[in-house]
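Q: Attaching a single structure in structure tokens format; questions to follow.
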2 protein chains.
Amino acid sequence: MKKATILLSLALMVAGIASAQRRGPVVSPEVRDDCTVVFRYASASASEVLLDIQFLGAPLPMRKGDDGVWSVTVGPIVPDIYPYSFRVDGVTVMDPNNPDYFPNERHKGSLLDIPGPKLQTQAPQNVPHGAVNYDYYVSQSLGTTGRALVYTPPGYDANPDRRYPVFYLISGTTDTDETYFKVGRTNFILDNLIARGLAEPMIVVMPYGNPAYYFPAGAEQRRTANFNTDLLGDLMPHIDATYRTVADRKSRAIGGFSRGGNQALTAGLNNLDKFAWLCSYASFAGQPEQFETSFPSLVADPARTNQQIELFWLGVGSEDFLYPNAKLFMDKLEQNGIRTVTRISGGGHTWMNARDYLEESAKQLFK
Amino acid sequence: MKKATILLSLALMVAGIASAQRRGPVVSPEVRDDCTVVFRYASASASEVLLDIQFLGAPLPMRKGDDGVWSVTVGPIVPDIYPYSFRVDGVTVMDPNNPDYFPNERHKGSLLDIPGPKLQTQAPQNVPHGAVNYDYYVSQSLGTTGRALVYTPPGYDANPDRRYPVFYLISGTTDTDETYFKVGRTNFILDNLIARGLAEPMIVVMPYGNPAYYFPAGAEQRRTANFNTDLLGDLMPHIDATYRTVADRKSRAIGGFSRGGNQALTAGLNNLDKFAWLCSYASFAGQPEQFETSFPSLVADPARTNQQIELFWLGVGSEDFLYPNAKLFMDKLEQNGIRTVTRISGGGHTWMNARDYLEESAKQLFK
């Protein structure tokens with residue numbers, strides 16, 4: 001019996017013939033028209049199954065049906081994209097029947113996507129679509145093959161003579177180069193803004209904040225130390241050589257969420273000869289109390305800094321655990337006479353906020 | 001305490017700050033130079049943790065360390081890419097610390113990648129790299145936005161006047177459009193074959209064998225029924241309009257693994273005006289006993305069929321549970337005078353075999 005189970009699980013693993021092995025596939029999550037959602041998890045042997053989802057204060061118990069399928073109905077839920085997972089007898093698992101997952105080095109979660117009229121911007125609409133490229137490049141600084149995801153806007157292939165500005169967009173700690181694509185919905189947000197004439201057609205490069213994660217011992221440390229070296233010395237030249245970019249500072253933006261926001265600030269503020277547009281989304285923003293020593297040139301000549309920076313956009317949620325630091329950084333910038341556009345939203349350190357910040361700031365880039 | 005755990009898990013989920021919450025991140029899998037591998041899983045509360053990996057006849061017990069980290073050392077293991085998962089108190093989970101996963105509608109597994117000299121073809125090498133495009137298209141036949149992954153070979157962007165042949169490559173039941181990329185390693189296999197002059201530079205399109213999986217009730221059924229309609233009526237025109245393809249039958253191949261092999265045979269053999277190159281990897285191959293009624297034109301005029309088909313490549317493993325059917329189909333083709341290239345390998349219904357078949361057959365395409 002045990003052996004049979006193993007063999008089956010291996011068969012599923014290599015051939016993916018699950019549906020052939022079931023009476024009918026378990027549907028989870030089932031999003032209903034009234035925005036209620038049914039979550040299901042099949043287990044004859046489990047003694048407790050809980051639903052862990054962001055907007056619940058505590059995990060929700062699921063009930064076992066006669067068919068051995070545990071289920072719970074939640075909502076109506078405000079339409080958005082929410083990470084969730086199940087806790088089966090205390091063990092956190094993805095929803096086995098949901099192919100949409102949260103790409104991360106550590107955490108394994110599934111994604112609940114409830115489309116709604118207010119969220120058309122992050123949903124696939126019947127508009128011209130850009131493409132997302134998994135692009136590999138040789139990183140001399142790391143001695144590795146690096147990877148970045150590259151969004152090219154609708155019409156990129158059809159207009160071989162047109163060149164585009166570039167937005168470098170970095171995700172958070174333990175996120176991967178896929179997170180801004182699969183959770184951040186960068187491609188759909190840009191597709192929809194561009195289709196409505198609200199954003200300039202642009203290329204968006206999503207690097208791996210820590211790509212050496214994949215590489216041998218020590219490489220991760222090197223990567224952390226050399227993020228800027230790789231970005232400026234390897235990735236950016238590769239992008240400018242491979243895509244039809246406008247390779248000057250006025251057509252180059254950098255931004256990021258959480259740790260990626262710090263990386264964007266460090267790379268951007270220290271390289272204003274390369275970037276004229278800066279975005280920081282819910283970032284820790286370094287040590288604001290060391291602002292003067294971290295960014296001496298800004299402090300020395302705020303007027304020149306303001307002249308160099310086309311847009312300095314900072315956003316954070318009032319319930320974000322990084323709010324105090326982010327707010328202190330915003331204040332430091334203001335005290336030093338650095339012109340910024342700041343947005344204090346509701347909510348916490350979530351990708352729901354990250355998508356809102358991307359949508360809001362992308363509209364202002366390259367204009 | 002429970003609440004704290006939940007809040008932490010939510011924090012990880014939305015911000016991915018796992019490493020900040022640990023003394024040091026758990027490394028798993030750790031591939032050593034001698035091809036032994038250490039698997040680790042952190043759980044203070046679990047009472048049993050097992051390793052489920054393909055080449056083991058039964059799951060292997062892991063031992064709990066004083067730090068609450070369970071571990072087991074396996075091997076030396078023959079270098080290859082193996083799906084695996086942990087079973088924590090009977091619950092199957094991905095390796096939380098491994099970002100490489102097996103894309104599938106149902107099963108959630110992680111991937112162990114042991115690079116080896118004999119497997120250079122499926123490993124990233126320091127050669128020119130092609131890109132993998134996540135490409136969206138409007139499917140009139142389904143009334144949905146479809147998605148396909150598209151590999152463009154090295155130099156595609158640098159040679160704007162060059163056109164390329166196209167290989168449509170379909171993965172198996174419950175696999176997604178990502179499986180031939182992330183498990184099949186289509187991009188690295190082609191990069192390496194092309195760099196060594198062993199394969200023609202080609203575009204490879206990886207459709208979703210069942211993309212309507214994502215769409216409302218009924219769509220999945222429609223998709224299954226309309227795979228060919230969408231492929232021929234929506235996806236192929238989109239590809240020929242978007243990429244620099246040579247849009248004729250002599251420059252178009254179709255192939256697939258498992259269910260995808262069946263879909264390739266059905267689409268290919270019934271549309272020889274569109275495809276001149278056919279590949280079937282470990283496929284069920286329909287009902288061979290109904291061969292004559294399924295493919296009347298082949299039976300009626302094998303000479304013309306042989307003249308139309310440039311390559312008809314079929315491979316299956318001798319331990320594959322689909323072997324009897326696949327072999328019967330090969331025999332039927334031979335009995336009916338259809339010229340084929342057949343390969344009976346060792347091994348079962350595995351992606352290890354699927355990658356070998358892709359490498360072997362890709363060398364023969366478009367020559």
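Convention: chains lettered A, B, ... in structure tokens order; per-chain residue numbering from 1; ligands numbered from 1 as shown.
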Restrict the distance test to only C-alpha atoms, flag each residue of chain A within 6 Å of chain B, and return the flagged residues as a list in words.
A: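 That gives Val14, Gly16, Ile17, Val93, Pro96, Asn97, Pro99, Glu105, Arg106, His107, Ala131, Val132, Asn133, Tyr134, Asp135, Thr173, Thr174 and Thr350 of chain A for chain A.
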Q: For the residues in the current selection, export N, CA and C atoms as an mmCIF file, in the first residue's frame.
A:
data_model
loop_
_atom_site.group_PDB
_atom_site.id
_atom_site.type_symbol
_atom_site.label_atom_id
_atom_site.label_comp_id
_atom_site.auth_asym_id
_atom_site.auth_seq_id
_atom_site.Cartn_x
_atom_site.Cartn_y
_atom_site.Cartn_z
ATOM 1 N N VAL A 14 6.753 12.428 -12.452
ATOM 2 C CA VAL A 14 7.463 12.408 -13.732
ATOM 3 C C VAL A 14 6.516 12.525 -14.921
ATOM 4 N N GLY A 16 2.959 13.355 -14.528
ATOM 5 C CA GLY A 16 1.839 14.252 -14.313
ATOM 6 C C GLY A 16 0.550 13.679 -14.851
ATOM 7 N N ILE A 17 0.213 12.496 -14.392
ATOM 8 C CA ILE A 17 -1.030 11.888 -14.874
ATOM 9 C C ILE A 17 -2.064 11.858 -13.755
ATOM 10 N N VAL A 93 1.858 23.840 3.143
ATOM 11 C CA VAL A 93 1.963 23.344 1.761
ATOM 12 C C VAL A 93 1.276 24.311 0.798
ATOM 13 N N PRO A 96 -2.072 22.052 -3.887
ATOM 14 C CA PRO A 96 -1.574 21.147 -4.940
ATOM 15 C C PRO A 96 -2.285 21.346 -6.277
ATOM 16 N N ASN A 97 -3.524 21.844 -6.233
ATOM 17 C CA ASN A 97 -4.317 21.951 -7.462
ATOM 18 C C ASN A 97 -4.296 23.325 -8.091
ATOM 19 N N PRO A 99 -1.854 25.920 -10.062
ATOM 20 C CA PRO A 99 -0.533 26.058 -10.698
ATOM 21 C C PRO A 99 0.103 27.433 -10.488
ATOM 22 N N GLU A 105 12.817 32.083 -2.826
ATOM 23 C CA GLU A 105 13.911 31.168 -2.464
ATOM 24 C C GLU A 105 13.534 30.279 -1.289
ATOM 25 N N ARG A 106 12.625 30.754 -0.456
ATOM 26 C CA ARG A 106 12.326 30.043 0.797
ATOM 27 C C ARG A 106 10.865 29.623 0.898
ATOM 28 N N HIS A 107 10.021 30.644 0.959
ATOM 29 C CA HIS A 107 8.613 30.348 1.192
ATOM 30 C C HIS A 107 7.948 29.750 -0.052
ATOM 31 N N ALA A 131 5.672 40.923 -24.105
ATOM 32 C CA ALA A 131 6.180 39.583 -23.772
ATOM 33 C C ALA A 131 7.171 39.703 -22.617
ATOM 34 N N VAL A 132 7.305 38.619 -21.883
ATOM 35 C CA VAL A 132 8.311 38.561 -20.819
ATOM 36 C C VAL A 132 9.366 37.535 -21.226
ATOM 37 N N ASN A 133 10.598 38.029 -21.311
ATOM 38 C CA ASN A 133 11.747 37.252 -21.770
ATOM 39 C C ASN A 133 12.567 36.733 -20.613
ATOM 40 N N TYR A 134 12.851 35.446 -20.561
ATOM 41 C CA TYR A 134 13.847 34.937 -19.605
ATOM 42 C C TYR A 134 15.179 35.004 -20.321
ATOM 43 N N ASP A 135 15.992 35.976 -19.923
ATOM 44 C CA ASP A 135 17.191 36.314 -20.680
ATOM 45 C C ASP A 135 18.441 35.951 -19.870
ATOM 46 N N THR A 173 13.721 40.615 -0.613
ATOM 47 C CA THR A 173 14.544 39.569 -0.008
ATOM 48 C C THR A 173 13.901 38.199 -0.193
ATOM 49 N N THR A 174 14.667 37.246 -0.630
ATOM 50 C CA THR A 174 14.287 35.857 -0.927
ATOM 51 C C THR A 174 13.324 35.744 -2.116
ATOM 52 N N THR A 350 2.951 44.407 1.627
ATOM 53 C CA THR A 350 2.313 43.391 0.793
ATOM 54 C C THR A 350 2.544 43.658 -0.696
#
Q: Within 9 Å of Leu272 of chain B, counting only C-alpha atoms, which residues qualify if same-chain residues fewer than 5 places away don't, as a VMD selection string?
A: chain B and resid 249 267 277 305 308 to 309
Q: Name the residues of segment 25-171 of chain B that come out as strand (DSSP E or B) in a backbone DSSP run; write them as a JSON list (two decimals) with N, CA and C atoms, in the first residue's frame.
A:
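Ended up saving to states18.json:
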[["chain", "number", "residue", "atom", "x", "y", "z"],
["B", 30, "GLU", "N", 22.06, 20.33, -0.93],
["B", 30, "GLU", "CA", 23.47, 20.67, -1.04],
["B", 30, "GLU", "C", 24.16, 19.61, -1.87],
["B", 31, "VAL", "N", 24.53, 19.97, -3.11],
["B", 31, "VAL", "CA", 25.19, 19.03, -4.02],
["B", 31, "VAL", "C", 26.69, 19.14, -3.81],
["B", 37, "VAL", "N", 24.53, 14.17, -2.14],
["B", 37, "VAL", "CA", 23.63, 15.29, -1.94],
["B", 37, "VAL", "C", 23.06, 15.24, -0.53],
["B", 38, "VAL", "N", 23.09, 16.38, 0.15],
["B", 38, "VAL", "CA", 22.47, 16.49, 1.47],
["B", 38, "VAL", "C", 21.15, 17.23, 1.32],
["B", 39, "PHE", "N", 20.07, 16.57, 1.76],
["B", 39, "PHE", "CA", 18.75, 17.20, 1.77],
["B", 39, "PHE", "C", 18.44, 17.62, 3.20],
["B", 40, "ARG", "N", 17.86, 18.80, 3.36],
["B", 40, "ARG", "CA", 17.55, 19.31, 4.70],
["B", 40, "ARG", "C", 16.14, 19.90, 4.75],
["B", 41, "TYR", "N", 15.50, 19.72, 5.89],
["B", 41, "TYR", "CA", 14.17, 20.29, 6.10],
["B", 41, "TYR", "C", 14.03, 20.68, 7.56],
["B", 42, "ALA", "N", 13.72, 21.95, 7.80],
["B", 42, "ALA", "CA", 13.65, 22.45, 9.18],
["B", 42, "ALA", "C", 12.25, 22.27, 9.76],
["B", 49, "VAL", "N", 10.06, 12.76, 8.86],
["B", 49, "VAL", "CA", 10.31, 13.43, 7.58],
["B", 49, "VAL", "C", 11.00, 12.44, 6.65],
["B", 50, "LEU", "N", 10.41, 12.24, 5.46],
["B", 50, "LEU", "CA", 10.96, 11.31, 4.47],
["B", 50, "LEU", "C", 11.35, 12.06, 3.20],
["B", 51, "LEU", "N", 12.34, 11.52, 2.51],
["B", 51, "LEU", "CA", 12.73, 12.04, 1.20],
["B", 51, "LEU", "C", 12.16, 11.13, 0.12],
["B", 52, "ASP", "N", 11.36, 11.72, -0.77],
["B", 52, "ASP", "CA", 10.79, 11.00, -1.92],
["B", 52, "ASP", "C", 11.56, 11.41, -3.15],
["B", 53, "ILE", "N", 12.39, 10.52, -3.68],
["B", 53, "ILE", "CA", 13.10, 10.88, -4.92],
["B", 53, "ILE", "C", 13.13, 9.69, -5.83],
["B", 60, "LEU", "N", 13.10, 7.74, 1.79],
["B", 60, "LEU", "CA", 14.22, 7.58, 2.72],
["B", 60, "LEU", "C", 13.98, 8.41, 3.98],
["B", 61, "PRO", "N", 14.07, 7.78, 5.15],
["B", 61, "PRO", "CA", 13.89, 8.54, 6.40],
["B", 61, "PRO", "C", 14.99, 9.58, 6.57],
["B", 63, "ARG", "N", 16.92, 12.26, 9.37],
["B", 63, "ARG", "CA", 17.17, 12.31, 10.82],
["B", 63, "ARG", "C", 17.14, 13.74, 11.32],
["B", 64, "LYS", "N", 16.58, 13.93, 12.50],
["B", 64, "LYS", "CA", 16.45, 15.27, 13.07],
["B", 64, "LYS", "C", 17.70, 15.64, 13.86],
["B", 69, "VAL", "N", 16.73, 20.72, 12.44],
["B", 69, "VAL", "CA", 16.82, 20.53, 10.99],
["B", 69, "VAL", "C", 16.98, 19.05, 10.67],
["B", 70, "TRP", "N", 16.03, 18.50, 9.91],
["B", 70, "TRP", "CA", 16.10, 17.10, 9.48],
["B", 70, "TRP", "C", 17.00, 17.02, 8.27],
["B", 71, "SER", "N", 17.78, 15.93, 8.16],
["B", 71, "SER", "CA", 18.67, 15.82, 7.00],
["B", 71, "SER", "C", 18.94, 14.37, 6.65],
["B", 72, "VAL", "N", 19.32, 14.16, 5.40],
["B", 72, "VAL", "CA", 19.77, 12.85, 4.94],
["B", 72, "VAL", "C", 20.74, 13.08, 3.79],
["B", 73, "THR", "N", 21.78, 12.25, 3.74],
["B", 73, "THR", "CA", 22.76, 12.34, 2.66],
["B", 73, "THR", "C", 22.57, 11.15, 1.73],
["B", 74, "VAL", "N", 22.50, 11.42, 0.43],
["B", 74, "VAL", "CA", 22.22, 10.39, -0.57],
["B", 74, "VAL", "C", 23.34, 10.40, -1.62],
["B", 81, "ILE", "N", 18.85, 15.65, -13.66],
["B", 81, "ILE", "CA", 17.88, 16.50, -12.97],
["B", 81, "ILE", "C", 16.74, 15.60, -12.50],
["B", 82, "TYR", "N", 16.51, 15.55, -11.20],
["B", 82, "TYR", "CA", 15.53, 14.64, -10.62],
["B", 82, "TYR", "C", 14.45, 15.39, -9.86],
["B", 83, "PRO", "N", 13.19, 15.09, -10.09],
["B", 83, "PRO", "CA", 12.13, 15.62, -9.24],
["B", 83, "PRO", "C", 12.17, 14.93, -7.87],
["B", 84, "TYR", "N", 11.87, 15.68, -6.82],
["B", 84, "TYR", "CA", 11.79, 15.09, -5.48],
["B", 84, "TYR", "C", 10.86, 15.92, -4.61],
["B", 85, "SER", "N", 10.49, 15.35, -3.48],
["B", 85, "SER", "CA", 9.71, 16.10, -2.49],
["B", 85, "SER", "C", 9.96, 15.48, -1.13],
["B", 86, "PHE", "N", 9.53, 16.18, -0.09],
["B", 86, "PHE", "CA", 9.61, 15.65, 1.26],
["B", 86, "PHE", "C", 8.22, 15.18, 1.67],
["B", 87, "ARG", "N", 8.18, 14.19, 2.56],
["B", 87, "ARG", "CA", 6.90, 13.79, 3.14],
["B", 87, "ARG", "C", 7.01, 14.00, 4.65],
["B", 88, "VAL", "N", 6.35, 15.06, 5.11],
["B", 88, "VAL", "CA", 6.44, 15.47, 6.51],
["B", 88, "VAL", "C", 5.19, 14.97, 7.25],
["B", 91, "VAL", "N", 2.60, 14.28, 4.82],
["B", 91, "VAL", "CA", 2.19, 15.34, 3.91],
["B", 91, "VAL", "C", 3.31, 15.65, 2.92],
["B", 92, "THR", "N", 3.00, 15.55, 1.61],
["B", 92, "THR", "CA", 4.00, 15.82, 0.58],
["B", 92, "THR", "C", 4.21, 17.32, 0.43],
["B", 93, "VAL", "N", 5.47, 17.75, 0.52],
["B", 93, "VAL", "CA", 5.80, 19.17, 0.35],
["B", 93, "VAL", "C", 7.01, 19.33, -0.56],
["B", 101, "TYR", "N", 11.37, 24.37, -9.03],
["B", 101, "TYR", "CA", 10.20, 23.52, -8.83],
["B", 101, "TYR", "C", 9.76, 22.92, -10.16],
["B", 102, "PHE", "N", 8.88, 21.94, -10.06],
["B", 102, "PHE", "CA", 8.33, 21.23, -11.21],
["B", 102, "PHE", "C", 6.97, 21.85, -11.54],
["B", 104, "ASN", "N", 3.46, 22.22, -12.63],
["B", 104, "ASN", "CA", 2.44, 21.21, -12.90],
["B", 104, "ASN", "C", 1.09, 21.69, -12.34],
["B", 109, "GLY", "N", 6.44, 19.43, -6.92],
["B", 109, "GLY", "CA", 7.72, 18.83, -6.59],
["B", 109, "GLY", "C", 8.86, 19.82, -6.80],
["B", 110, "SER", "N", 10.00, 19.52, -6.18],
["B", 110, "SER", "CA", 11.21, 20.32, -6.37],
["B", 110, "SER", "C", 12.13, 19.59, -7.33],
["B", 111, "LEU", "N", 13.15, 20.31, -7.83],
["B", 111, "LEU", "CA", 14.08, 19.71, -8.78],
["B", 111, "LEU", "C", 15.50, 19.68, -8.21],
["B", 112, "LEU", "N", 16.11, 18.49, -8.22],
["B", 112, "LEU", "CA", 17.52, 18.33, -7.86],
["B", 112, "LEU", "C", 18.32, 18.34, -9.15],
["B", 113, "ASP", "N", 19.27, 19.27, -9.25],
["B", 113, "ASP", "CA", 20.06, 19.39, -10.47],
["B", 113, "ASP", "C", 21.52, 19.08, -10.15],
["B", 131, "ALA", "N", 16.78, 33.09, -25.70],
["B", 131, "ALA", "CA", 15.89, 33.59, -24.66],
["B", 131, "ALA", "C", 14.58, 32.80, -24.70],
["B", 132, "VAL", "N", 13.91, 32.75, -23.56],
["B", 132, "VAL", "CA", 12.58, 32.13, -23.50],
["B", 132, "VAL", "C", 11.57, 33.22, -23.21],
["B", 133, "ASN", "N", 10.63, 33.34, -24.13],
["B", 133, "ASN", "CA", 9.60, 34.38, -24.12],
["B", 133, "ASN", "C", 8.30, 33.86, -23.55],
["B", 134, "TYR", "N", 7.71, 34.52, -22.57],
["B", 134, "TYR", "CA", 6.33, 34.20, -22.18],
["B", 134, "TYR", "C", 5.44, 35.09, -23.03],
["B", 135, "ASP", "N", 4.79, 34.47, -23.99],
["B", 135, "ASP", "CA", 4.09, 35.21, -25.03],
["B", 135, "ASP", "C", 2.58, 35.00, -24.91],
["B", 136, "TYR", "N", 1.84, 36.10, -24.93],
["B", 136, "TYR", "CA", 0.38, 36.04, -24.78],
["B", 136, "TYR", "C", -0.29, 36.28, -26.12],
["B", 137, "TYR", "N", -1.36, 35.55, -26.38],
["B", 137, "TYR", "CA", -2.07, 35.72, -27.65],
["B", 137, "TYR", "C", -3.56, 35.57, -27.43],
["B", 138, "VAL", "N", -4.32, 36.21, -28.31],
["B", 138, "VAL", "CA", -5.78, 36.10, -28.21],
["B", 138, "VAL", "C", -6.21, 34.82, -28.91],
["B", 139, "SER", "N", -6.89, 33.95, -28.16],
["B", 139, "SER", "CA", -7.40, 32.72, -28.75],
["B", 139, "SER", "C", -8.88, 32.91, -29.09],
["B", 144, "THR", "N", -10.29, 33.28, -24.99],
["B", 144, "THR", "CA", -9.43, 33.55, -23.84],
["B", 144, "THR", "C", -8.12, 34.18, -24.31],
["B", 145, "THR", "N", -7.34, 34.65, -23.35],
["B", 145, "THR", "CA", -5.96, 35.03, -23.63],
["B", 145, "THR", "C", -5.10, 33.80, -23.41],
["B", 146, "GLY", "N", -4.52, 33.29, -24.48],
["B", 146, "GLY", "CA", -3.66, 32.11, -24.36],
["B", 146, "GLY", "C", -2.23, 32.52, -24.07],
["B", 147, "ARG", "N", -1.44, 31.55, -23.62],
["B", 147, "ARG", "CA", -0.02, 31.82, -23.38],
["B", 147, "ARG", "C", 0.80, 30.66, -23.92],
["B", 148, "ALA", "N", 1.95, 31.00, -24.48],
["B", 148, "ALA", "CA", 2.90, 29.97, -24.91],
["B", 148, "ALA", "C", 4.30, 30.47, -24.59],
["B", 149, "LEU", "N", 5.22, 29.55, -24.31],
["B", 149, "LEU", "CA", 6.61, 29.92, -24.13],
["B", 149, "LEU", "C", 7.31, 29.75, -25.46],
["B", 150, "VAL", "N", 8.12, 30.72, -25.84],
["B", 150, "VAL", "CA", 8.78, 30.70, -27.14],
["B", 150, "VAL", "C", 10.29, 30.88, -26.96],
["B", 151, "TYR", "N", 11.04, 29.85, -27.34],
["B", 151, "TYR", "CA", 12.50, 29.94, -27.32],
["B", 151, "TYR", "C", 12.97, 30.55, -28.63],
["B", 152, "THR", "N", 13.74, 31.65, -28.54],
["B", 152, "THR", "CA", 14.40, 32.19, -29.73],
["B", 152, "THR", "C", 15.90, 31.91, -29.58],
["B", 164, "TYR", "N", 13.70, 31.74, -39.20],
["B", 164, "TYR", "CA", 14.02, 30.46, -38.56],
["B", 164, "TYR", "C", 12.88, 29.46, -38.68],
["B", 166, "VAL", "N", 10.46, 26.44, -37.11],
["B", 166, "VAL", "CA", 9.76, 26.42, -35.82],
["B", 166, "VAL", "C", 9.42, 24.99, -35.40],
["B", 167, "PHE", "N", 9.71, 24.68, -34.14],
["B", 167, "PHE", "CA", 9.40, 23.39, -33.55],
["B", 167, "PHE", "C", 8.34, 23.60, -32.47],
["B", 168, "TYR", "N", 7.15, 23.04, -32.66],
["B", 168, "TYR", "CA", 6.09, 23.10, -31.65],
["B", 168, "TYR", "C", 6.26, 21.90, -30.73],
["B", 169, "LEU", "N", 6.42, 22.15, -29.43],
["B", 169, "LEU", "CA", 6.82, 21.13, -28.46],
["B", 169, "LEU", "C", 5.86, 21.13, -27.27],
["B", 170, "ILE", "N", 5.13, 20.03, -27.10],
["B", 170, "ILE", "CA", 4.01, 19.99, -26.15],
["B", 170, "ILE", "C", 4.33, 19.05, -24.99]]
Q: In Å, rounded to a single decimal, give me how far atom CA of Asn353 of chain B is from atom CA of Pro76 of chain B.
A: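 Here the two named atoms are 20.2 Å from each other.
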Q: Which of these, B:Leu198, B:Met62, B:Ile77, B:Leu235, has the shortest distance to Pro115 of chain B once you count only C-alpha atoms?
A: B:Ile77
Q: Can you list, as a PyMOL selection string, every protein, DNA or RNA residue that comes within 7 Å of Lys332 of chain A when you count only C-alpha atoms, leaving out same-chain residues fewer than 4 positions away?
A: chain A and resi 288+328+336
Q: Could you state the separation of atom CA of Ala303 of chain B and atom CA of Leu269 of chain B in Å, given to one decimal place?
A: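 Between these atoms lies a distance of 14.1 Å.
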Q: If we count only C-alpha atoms and set the cut-off at 8 Å, which residues sit around Gly184 of chain B, ignoring sequence neighbours fewer than 2 positions away in its own chain? Please answer as a PyMOL selection string.
A: chain B and resi 179-182+186+351+354-355
Q: Taking N, CA, C and O atoms for each residue, export the selection above as a PDB file, in the first residue's frame.
A:
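Result saved to again11.pdb:
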ATOM      1  N   THR B 179       6.705  23.580 -18.271  1.00  0.00           N
ATOM      2  CA  THR B 179       7.400  22.345 -17.910  1.00  0.00           C
ATOM      3  C   THR B 179       8.541  22.006 -18.872  1.00  0.00           C
ATOM      4  O   THR B 179       9.624  21.593 -18.443  1.00  0.00           O
ATOM      5  N   TYR B 180       8.324  22.228 -20.175  1.00  0.00           N
ATOM      6  CA  TYR B 180       9.406  21.928 -21.131  1.00  0.00           C
ATOM      7  C   TYR B 180      10.561  22.915 -21.014  1.00  0.00           C
ATOM      8  O   TYR B 180      11.669  22.659 -21.503  1.00  0.00           O
ATOM      9  N   PHE B 181      10.310  24.061 -20.366  1.00  0.00           N
ATOM     10  CA  PHE B 181      11.368  25.040 -20.117  1.00  0.00           C
ATOM     11  C   PHE B 181      12.106  24.662 -18.831  1.00  0.00           C
ATOM     12  O   PHE B 181      13.315  24.402 -18.842  1.00  0.00           O
ATOM     13  N   LYS B 182      11.384  24.547 -17.732  1.00  0.00           N
ATOM     14  CA  LYS B 182      12.024  24.419 -16.425  1.00  0.00           C
ATOM     15  C   LYS B 182      12.442  22.997 -16.084  1.00  0.00           C
ATOM     16  O   LYS B 182      13.392  22.802 -15.328  1.00  0.00           O
ATOM     17  N   THR B 186      14.650  22.871 -22.462  1.00  0.00           N
ATOM     18  CA  THR B 186      14.681  23.080 -23.907  1.00  0.00           C
ATOM     19  C   THR B 186      15.676  24.159 -24.309  1.00  0.00           C
ATOM     20  O   THR B 186      16.431  23.993 -25.275  1.00  0.00           O
ATOM     21  N   TRP B 351      11.256  12.513 -17.180  1.00  0.00           N
ATOM     22  CA  TRP B 351      11.772  13.687 -17.888  1.00  0.00           C
ATOM     23  C   TRP B 351      13.252  13.534 -18.187  1.00  0.00           C
ATOM     24  O   TRP B 351      13.787  14.224 -19.064  1.00  0.00           O
ATOM     25  N   ALA B 354      12.851  12.182 -21.421  1.00  0.00           N
ATOM     26  CA  ALA B 354      12.284  13.212 -22.312  1.00  0.00           C
ATOM     27  C   ALA B 354      13.383  14.168 -22.797  1.00  0.00           C
ATOM     28  O   ALA B 354      13.419  14.532 -23.978  1.00  0.00           O
ATOM     29  N   ARG B 355      14.297  14.538 -21.890  1.00  0.00           N
ATOM     30  CA  ARG B 355      15.390  15.437 -22.302  1.00  0.00           C
ATOM     31  C   ARG B 355      16.325  14.746 -23.299  1.00  0.00           C
ATOM     32  O   ARG B 355      16.770  15.352 -24.282  1.00  0.00           O
TER      33      ARG B 355
END
